[in-house]
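To be precise, the following lines are work20.csv, and they hold CSV, C-alpha atoms.
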```csv
chain,number,residue,atom,x,y,z
A,1,LEU,CA,-135.7,9.8,124.6
A,2,TRP,CA,-134.6,13.4,125.2
A,3,HIS,CA,-131.0,12.2,125.8
A,4,PHE,CA,-131.0,10.7,122.3
A,5,ASP,CA,-132.5,13.9,120.7
A,6,ALA,CA,-135.2,11.7,119.2
A,7,VAL,CA,-138.3,13.8,119.8
A,8,HIS,CA,-138.3,16.0,116.8
A,9,GLY,CA,-139.1,16.0,113.1
A,10,ARG,CA,-141.2,13.0,112.0
A,11,VAL,CA,-142.5,10.4,114.4
A,12,LEU,CA,-143.9,7.0,113.4
A,13,ASP,CA,-146.1,5.2,115.9
A,14,LEU,CA,-146.5,1.5,114.9
A,15,TYR,CA,-149.2,-0.6,116.6
A,16,ALA,CA,-150.4,2.8,117.8
A,17,GLY,CA,-153.2,1.7,120.0
A,18,SER,CA,-154.5,5.0,121.6
A,19,GLY,CA,-151.8,7.0,119.8
A,20,ALA,CA,-150.3,8.1,123.1
A,21,VAL,CA,-146.6,7.9,121.9
A,22,GLY,CA,-147.2,9.8,118.7
A,23,ILE,CA,-149.4,12.4,120.4
A,24,GLU,CA,-146.7,12.9,123.1
A,25,GLY,CA,-144.1,13.4,120.4
A,26,LEU,CA,-146.3,16.1,118.8
A,27,SER,CA,-146.8,17.8,122.2
A,28,ARG,CA,-143.1,17.8,122.7
A,29,GLY,CA,-142.2,19.5,119.4
A,30,ALA,CA,-142.3,16.8,116.7
A,31,ASP,CA,-143.4,18.3,113.3
A,32,GLU,CA,-145.7,15.5,112.4
A,33,ALA,CA,-146.7,12.0,113.4
A,34,ALA,CA,-148.0,9.0,111.5
A,35,PHE,CA,-150.0,6.4,113.3
A,36,VAL,CA,-150.3,2.9,112.0
A,37,GLU,CA,-153.1,0.9,113.7
A,38,TRP,CA,-155.1,-1.9,112.2
A,39,ASN,CA,-158.0,-1.9,114.8
A,40,ALA,CA,-160.8,0.3,113.5
A,41,VAL,CA,-161.9,1.4,116.9
A,42,SER,CA,-158.4,2.3,118.0
A,43,ALA,CA,-157.8,4.2,114.7
A,44,LYS,CA,-161.0,6.2,115.2
A,45,THR,CA,-160.0,7.0,118.8
A,46,ILE,CA,-156.6,8.3,117.6
A,47,ARG,CA,-158.4,10.6,115.0
A,48,GLN,CA,-160.7,11.9,117.7
A,49,ASN,CA,-157.8,12.5,120.1
A,50,LEU,CA,-155.9,14.4,117.4
A,51,ILE,CA,-159.0,16.6,116.8
A,52,LYS,CA,-159.6,17.3,120.5
A,53,LEU,CA,-156.0,18.3,121.0
A,54,ASP,CA,-155.9,20.4,117.8
A,55,LEU,CA,-153.2,18.2,116.3
A,56,ALA,CA,-155.2,16.9,113.3
A,57,ASP,CA,-153.1,18.8,110.8
A,58,GLN,CA,-149.9,17.2,112.2
A,59,GLY,CA,-151.2,13.7,112.8
A,60,HIS,CA,-152.1,11.2,110.1
A,61,VAL,CA,-153.8,7.9,111.0
A,62,HIS,CA,-153.3,4.9,108.7
A,63,ARG,CA,-155.5,1.9,109.2
A,64,GLN,CA,-153.0,-0.6,107.8
A,65,ARG,CA,-151.1,-3.7,109.0
A,66,VAL,CA,-147.7,-2.8,110.3
A,67,GLU,CA,-146.1,-5.6,108.3
A,68,ASP,CA,-147.6,-4.1,105.1
A,69,VAL,CA,-146.4,-0.6,105.9
A,70,LEU,CA,-142.8,-1.9,106.6
A,71,ALA,CA,-142.8,-3.8,103.3
A,72,ARG,CA,-144.4,-0.9,101.3
A,73,PRO,CA,-143.8,2.4,103.0
A,74,ALA,CA,-145.6,4.2,100.1
A,75,LEU,CA,-148.8,3.2,102.0
A,76,LEU,CA,-148.0,6.1,104.3
A,77,GLY,CA,-147.7,8.5,101.4
A,78,TYR,CA,-144.0,9.0,102.2
A,79,GLN,CA,-141.0,6.7,101.8
A,80,GLY,CA,-138.2,8.6,103.5
A,81,PRO,CA,-136.9,7.8,107.0
A,82,TYR,CA,-138.5,8.9,110.2
A,83,ASP,CA,-136.7,10.5,113.1
A,84,LEU,CA,-138.4,8.4,115.8
A,85,ILE,CA,-140.2,5.1,115.4
A,86,SER,CA,-142.2,3.7,118.4
A,87,VAL,CA,-143.2,0.0,118.2
A,88,THR,CA,-145.6,-1.4,120.8
A,89,PRO,CA,-147.0,-4.6,119.3
A,90,PRO,CA,-149.3,-7.1,120.9
A,91,TYR,CA,-146.8,-9.5,122.4
A,92,ALA,CA,-148.6,-12.7,121.4
A,93,GLU,CA,-149.0,-11.7,117.8
A,94,VAL,CA,-145.4,-11.0,116.7
A,95,ASP,CA,-142.0,-12.6,116.4
A,96,PHE,CA,-139.9,-9.8,117.8
A,97,ALA,CA,-136.7,-10.9,116.0
A,98,VAL,CA,-138.6,-11.0,112.6
A,99,LEU,CA,-140.2,-7.6,113.4
A,100,LEU,CA,-136.9,-6.0,114.2
A,101,GLU,CA,-135.4,-7.3,111.0
A,102,GLN,CA,-138.4,-6.0,109.0
A,103,ILE,CA,-137.9,-2.5,110.6
A,104,ALA,CA,-134.2,-2.6,109.9
A,105,GLN,CA,-134.7,-3.4,106.2
A,106,SER,CA,-137.4,-0.7,105.7
A,107,SER,CA,-136.7,2.6,104.0
A,108,LEU,CA,-138.6,4.1,106.9
A,109,VAL,CA,-135.3,3.8,108.8
A,110,GLY,CA,-132.3,6.0,107.9
A,111,PRO,CA,-129.3,7.7,109.5
A,112,GLY,CA,-130.2,9.2,112.8
A,113,THR,CA,-133.5,7.2,113.2
A,114,VAL,CA,-134.2,6.1,116.7
A,115,VAL,CA,-136.4,3.0,117.2
A,116,VAL,CA,-138.0,2.2,120.5
A,117,LEU,CA,-139.3,-1.4,120.6
A,118,GLU,CA,-141.4,-2.6,123.6
A,119,HIS,CA,-141.2,-6.3,124.2
A,120,PRO,CA,-141.5,-8.9,127.0
A,121,ARG,CA,-138.6,-8.8,129.4
A,122,ASP,CA,-137.5,-12.3,128.6
A,123,THR,CA,-137.3,-11.7,124.8
A,124,GLU,CA,-133.6,-11.6,123.7
A,125,LEU,CA,-132.9,-9.2,120.9
A,126,PRO,CA,-129.6,-8.7,119.1
A,127,ALA,CA,-127.3,-5.8,119.9
A,128,GLN,CA,-127.2,-5.0,116.1
A,129,CYS,CA,-129.8,-5.7,113.4
A,130,GLY,CA,-128.9,-4.4,109.9
A,131,PRO,CA,-128.1,-0.7,110.4
A,132,LEU,CA,-129.7,-0.6,113.8
A,133,GLU,CA,-127.5,-0.5,116.9
A,134,GLN,CA,-128.9,-1.1,120.3
A,135,LEU,CA,-128.2,1.9,122.5
A,136,ARG,CA,-130.0,0.7,125.6
A,137,GLU,CA,-132.5,-1.7,127.1
A,138,ARG,CA,-134.6,-0.7,130.0
A,139,ARG,CA,-136.7,-3.2,132.0
A,140,TYR,CA,-139.9,-2.4,133.8
A,141,GLY,CA,-141.5,-5.4,135.5
A,142,ARG,CA,-142.4,-7.9,132.8
A,143,THR,CA,-141.8,-5.3,130.0
A,144,ALA,CA,-138.6,-4.1,128.4
A,145,LEU,CA,-137.9,-1.2,126.0
A,146,SER,CA,-135.0,-1.7,123.6
A,147,ILE,CA,-133.7,1.5,122.0
A,148,TYR,CA,-131.9,1.3,118.7
A,149,GLU,CA,-130.4,3.9,116.5
A,150,VAL,CA,-129.0,4.1,113.0
A,151,PRO,CA,-125.7,5.9,113.5
A,152,VAL,CA,-125.1,9.1,111.5
A,153,GLU,CA,-121.8,9.0,109.7
A,154,ASP,CA,-119.4,11.8,110.8
A,155,ASP,CA,-118.5,13.9,107.8
A,156,GLU,CA,-115.3,15.1,109.6
A,157,ASP,CA,-113.8,11.6,109.3
A,158,ASP,CA,-114.0,11.9,105.5
A,159,ALA,CA,-112.2,15.3,105.4
A,160,PRO,CA,-108.7,15.3,103.9
```
Hey, can you dump this file as structure tokens for me?
Amino acid sequence: LWHFDAVHGRVLDLYAGSGAVGIEGLSRGADEAAFVEWNAVSAKTIRQNLIKLDLADQGHVHRQRVEDVLARPALLGYQGPYDLISVTPPYAEVDFAVLLEQIAQSSLVGPGTVVVLEHPRDTELPAQCGPLEQLRERRYGRTALSIYEVPVEDDEDDAP
């Protein structure tokens, strides 16, 4: 993600699990991270990890369903776009095409947002979904990571 200049600003870790992605973002210079995790034990573990690593002021855990947060970003207390969104859902519980569409339509995504979606290797995802354009897909065994970005319009093209 360093090549995409995606580890900065605000990180959103969806289906956060242990919170490893958001915590890694904070340790690499992100200003803040929001963690969305429905499982109570996992949410508690993320909070404990943030405290142990002295990152509790920068990390905010939300025990919410991801679908609810995508539909109502105000549940996070902030509606603007994030710089990096990591999505690592339980494979058997989501329709990846629908999830990608929900992300693309959310106000949590804006110009410059990078979305990293983990999915089964055999899942076909579109090269473009709403404002999201696929930059790369990496395959690791039975897992794949699809990296999308919302392009930032170049102001120089608009100059007279």
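CA of Leu12 (chain A) lies 11.5 Å from CA of Gly80 (chain A).
Of the listed residues (A:Leu145, A:Leu75, A:Val152, A:Ile85), A:Ile85 comes nearest to Val115 (chain A); the distances count all atoms listed in the file.
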Give as an mmCIF file with C-alpha atoms, in the coordinates of the input each residue that has an atom at most 7 Å from (-143.6, -9.8, 131.5) in the file, counting only C-alpha atoms.
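Output below, filename point01.cif:
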```
data_model
loop_
_atom_site.group_PDB
_atom_site.id
_atom_site.type_symbol
_atom_site.label_atom_id
_atom_site.label_comp_id
_atom_site.auth_asym_id
_atom_site.auth_seq_id
_atom_site.Cartn_x
_atom_site.Cartn_y
_atom_site.Cartn_z
ATOM 1 C CA PRO A 120 -141.500 -8.900 127.000
ATOM 2 C CA ARG A 121 -138.600 -8.800 129.400
ATOM 3 C CA GLY A 141 -141.500 -5.400 135.500
ATOM 4 C CA ARG A 142 -142.400 -7.900 132.800
ATOM 5 C CA THR A 143 -141.800 -5.300 130.000
#
```
*asked:* Using only C-alpha atoms, can you tell me which of A:Leu100, A:Leu132, A:Leu70, A:Ile23 comes closest to Glu118 (chain A)?
replied: A:Leu100
*Contacts of Val87 (chain A) at 7 Å or less, counting only C-alpha atoms, minus same-chain residues fewer than 6 places along, as JSON, numbers by chain?*
{"A": [13, 14, 15, 116, 117, 118]}
*Which protein, DNA or RNA residues are at most 8 Å from (-140.2, 3.1, 106.9) in the file's coordinates when you count all atoms listed in the file, listed as a PyMOL selection string?*
chain A and resi 69-70+73+79-82+103+106-109
*Long-range neighbours of region 54-59 of chain A as a PyMOL selection string, 6 Å cut-off, only C-alpha atoms, 6 positions minimum in chain*: chain A and resi 32-34
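Separating CA of Gln64 (chain A) from CA of Ala43 (chain A) is a distance of 9.7 Å.
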Given the block above, output region 111-124 of chain A with all heavy atoms as an mmCIF file, in the first residue's frame.
```
data_model
loop_
_atom_site.group_PDB
_atom_site.id
_atom_site.type_symbol
_atom_site.label_atom_id
_atom_site.label_comp_id
_atom_site.auth_asym_id
_atom_site.auth_seq_id
_atom_site.Cartn_x
_atom_site.Cartn_y
_atom_site.Cartn_z
ATOM 1 N N PRO A 111 -12.697 11.045 -3.355
ATOM 2 C CA PRO A 111 -11.497 11.137 -4.175
ATOM 3 C C PRO A 111 -10.235 10.813 -3.375
ATOM 4 O O PRO A 111 -10.020 11.341 -2.289
ATOM 5 C CB PRO A 111 -11.491 12.597 -4.644
ATOM 6 C CG PRO A 111 -12.940 12.976 -4.632
ATOM 7 C CD PRO A 111 -13.519 12.260 -3.441
ATOM 8 N N GLY A 112 -9.449 9.888 -3.911
ATOM 9 C CA GLY A 112 -8.208 9.483 -3.265
ATOM 10 C C GLY A 112 -8.355 8.305 -2.315
ATOM 11 O O GLY A 112 -7.356 7.742 -1.863
ATOM 12 N N THR A 113 -9.579 7.887 -2.007
ATOM 13 C CA THR A 113 -9.776 6.741 -1.118
ATOM 14 C C THR A 113 -9.259 5.471 -1.785
ATOM 15 O O THR A 113 -9.559 5.208 -2.947
ATOM 16 C CB THR A 113 -11.267 6.545 -0.763
ATOM 17 O OG1 THR A 113 -11.748 7.683 -0.062
ATOM 18 C CG2 THR A 113 -11.474 5.304 0.096
ATOM 19 N N VAL A 114 -8.486 4.698 -1.032
ATOM 20 C CA VAL A 114 -8.024 3.383 -1.480
ATOM 21 C C VAL A 114 -8.798 2.343 -0.672
ATOM 22 O O VAL A 114 -8.880 2.437 0.547
ATOM 23 C CB VAL A 114 -6.503 3.209 -1.270
ATOM 24 C CG1 VAL A 114 -6.062 1.785 -1.572
ATOM 25 C CG2 VAL A 114 -5.732 4.209 -2.133
ATOM 26 N N VAL A 115 -9.360 1.353 -1.372
ATOM 27 C CA VAL A 115 -10.120 0.277 -0.741
ATOM 28 C C VAL A 115 -9.397 -1.032 -1.035
ATOM 29 O O VAL A 115 -9.122 -1.349 -2.190
ATOM 30 C CB VAL A 115 -11.570 0.202 -1.278
ATOM 31 C CG1 VAL A 115 -12.311 -0.999 -0.690
ATOM 32 C CG2 VAL A 115 -12.318 1.495 -0.989
ATOM 33 N N VAL A 116 -9.092 -1.770 0.029
ATOM 34 C CA VAL A 116 -8.465 -3.085 -0.105
ATOM 35 C C VAL A 116 -9.485 -4.112 0.348
ATOM 36 O O VAL A 116 -9.899 -4.115 1.504
ATOM 37 C CB VAL A 116 -7.185 -3.185 0.743
ATOM 38 C CG1 VAL A 116 -6.557 -4.561 0.576
ATOM 39 C CG2 VAL A 116 -6.207 -2.088 0.374
ATOM 40 N N LEU A 117 -9.903 -4.973 -0.563
ATOM 41 C CA LEU A 117 -10.932 -5.965 -0.297
ATOM 42 C C LEU A 117 -10.341 -7.362 -0.397
ATOM 43 O O LEU A 117 -9.858 -7.764 -1.459
ATOM 44 C CB LEU A 117 -12.091 -5.803 -1.291
ATOM 45 C CG LEU A 117 -13.227 -6.818 -1.224
ATOM 46 C CD1 LEU A 117 -13.913 -6.809 0.136
ATOM 47 C CD2 LEU A 117 -14.241 -6.534 -2.329
ATOM 48 N N GLU A 118 -10.357 -8.088 0.714
ATOM 49 C CA GLU A 118 -9.912 -9.479 0.711
ATOM 50 C C GLU A 118 -11.092 -10.354 0.322
ATOM 51 O O GLU A 118 -12.206 -10.156 0.793
ATOM 52 C CB GLU A 118 -9.403 -9.875 2.094
ATOM 53 C CG GLU A 118 -8.917 -11.314 2.148
ATOM 54 C CD GLU A 118 -8.467 -11.735 3.522
ATOM 55 O OE1 GLU A 118 -7.786 -10.942 4.211
ATOM 56 O OE2 GLU A 118 -8.806 -12.872 3.920
ATOM 57 N N HIS A 119 -10.834 -11.343 -0.546
ATOM 58 C CA HIS A 119 -11.899 -12.223 -1.013
ATOM 59 C C HIS A 119 -11.313 -13.554 -1.468
ATOM 60 O O HIS A 119 -10.106 -13.665 -1.664
ATOM 61 C CB HIS A 119 -12.694 -11.559 -2.145
ATOM 62 C CG HIS A 119 -11.853 -11.131 -3.309
ATOM 63 N ND1 HIS A 119 -11.584 -11.963 -4.378
ATOM 64 C CD2 HIS A 119 -11.205 -9.963 -3.567
ATOM 65 C CE1 HIS A 119 -10.825 -11.310 -5.252
ATOM 66 N NE2 HIS A 119 -10.578 -10.099 -4.781
ATOM 67 N N PRO A 120 -12.174 -14.564 -1.647
ATOM 68 C CA PRO A 120 -11.677 -15.834 -2.169
ATOM 69 C C PRO A 120 -11.098 -15.646 -3.568
ATOM 70 O O PRO A 120 -11.604 -14.839 -4.363
ATOM 71 C CB PRO A 120 -12.930 -16.720 -2.211
ATOM 72 C CG PRO A 120 -13.886 -16.096 -1.265
ATOM 73 C CD PRO A 120 -13.602 -14.628 -1.310
ATOM 74 N N ARG A 121 -10.066 -16.387 -3.860
ATOM 75 C CA ARG A 121 -9.358 -16.279 -5.140
ATOM 76 C C ARG A 121 -10.296 -16.424 -6.337
ATOM 77 O O ARG A 121 -10.133 -15.759 -7.350
ATOM 78 C CB ARG A 121 -8.266 -17.341 -5.180
ATOM 79 C CG ARG A 121 -7.474 -17.363 -6.442
ATOM 80 C CD ARG A 121 -6.483 -18.518 -6.444
ATOM 81 N NE ARG A 121 -5.682 -18.476 -7.647
ATOM 82 C CZ ARG A 121 -4.390 -18.263 -7.668
ATOM 83 N NH1 ARG A 121 -3.722 -18.116 -6.546
ATOM 84 N NH2 ARG A 121 -3.732 -18.229 -8.807
ATOM 85 N N ASP A 122 -11.279 -17.298 -6.238
ATOM 86 C CA ASP A 122 -12.149 -17.561 -7.383
ATOM 87 C C ASP A 122 -13.316 -16.581 -7.507
ATOM 88 O O ASP A 122 -14.164 -16.721 -8.374
ATOM 89 C CB ASP A 122 -12.660 -19.000 -7.348
ATOM 90 C CG ASP A 122 -13.471 -19.326 -6.096
ATOM 91 O OD1 ASP A 122 -13.527 -18.486 -5.172
ATOM 92 O OD2 ASP A 122 -14.050 -20.424 -6.041
ATOM 93 N N THR A 123 -13.369 -15.558 -6.679
ATOM 94 C CA THR A 123 -14.424 -14.544 -6.763
ATOM 95 C C THR A 123 -14.047 -13.521 -7.835
ATOM 96 O O THR A 123 -12.984 -12.919 -7.775
ATOM 97 C CB THR A 123 -14.602 -13.824 -5.413
ATOM 98 O OG1 THR A 123 -14.956 -14.769 -4.425
ATOM 99 C CG2 THR A 123 -15.682 -12.753 -5.511
ATOM 100 N N GLU A 124 -14.912 -13.352 -8.793
ATOM 101 C CA GLU A 124 -14.692 -12.362 -9.858
ATOM 102 C C GLU A 124 -15.302 -11.031 -9.445
ATOM 103 O O GLU A 124 -16.483 -10.954 -9.121
ATOM 104 C CB GLU A 124 -15.321 -12.840 -11.169
ATOM 105 C CG GLU A 124 -14.664 -14.066 -11.755
ATOM 106 C CD GLU A 124 -13.232 -13.815 -12.209
ATOM 107 O OE1 GLU A 124 -12.939 -12.699 -12.676
ATOM 108 O OE2 GLU A 124 -12.415 -14.740 -12.079
#
```
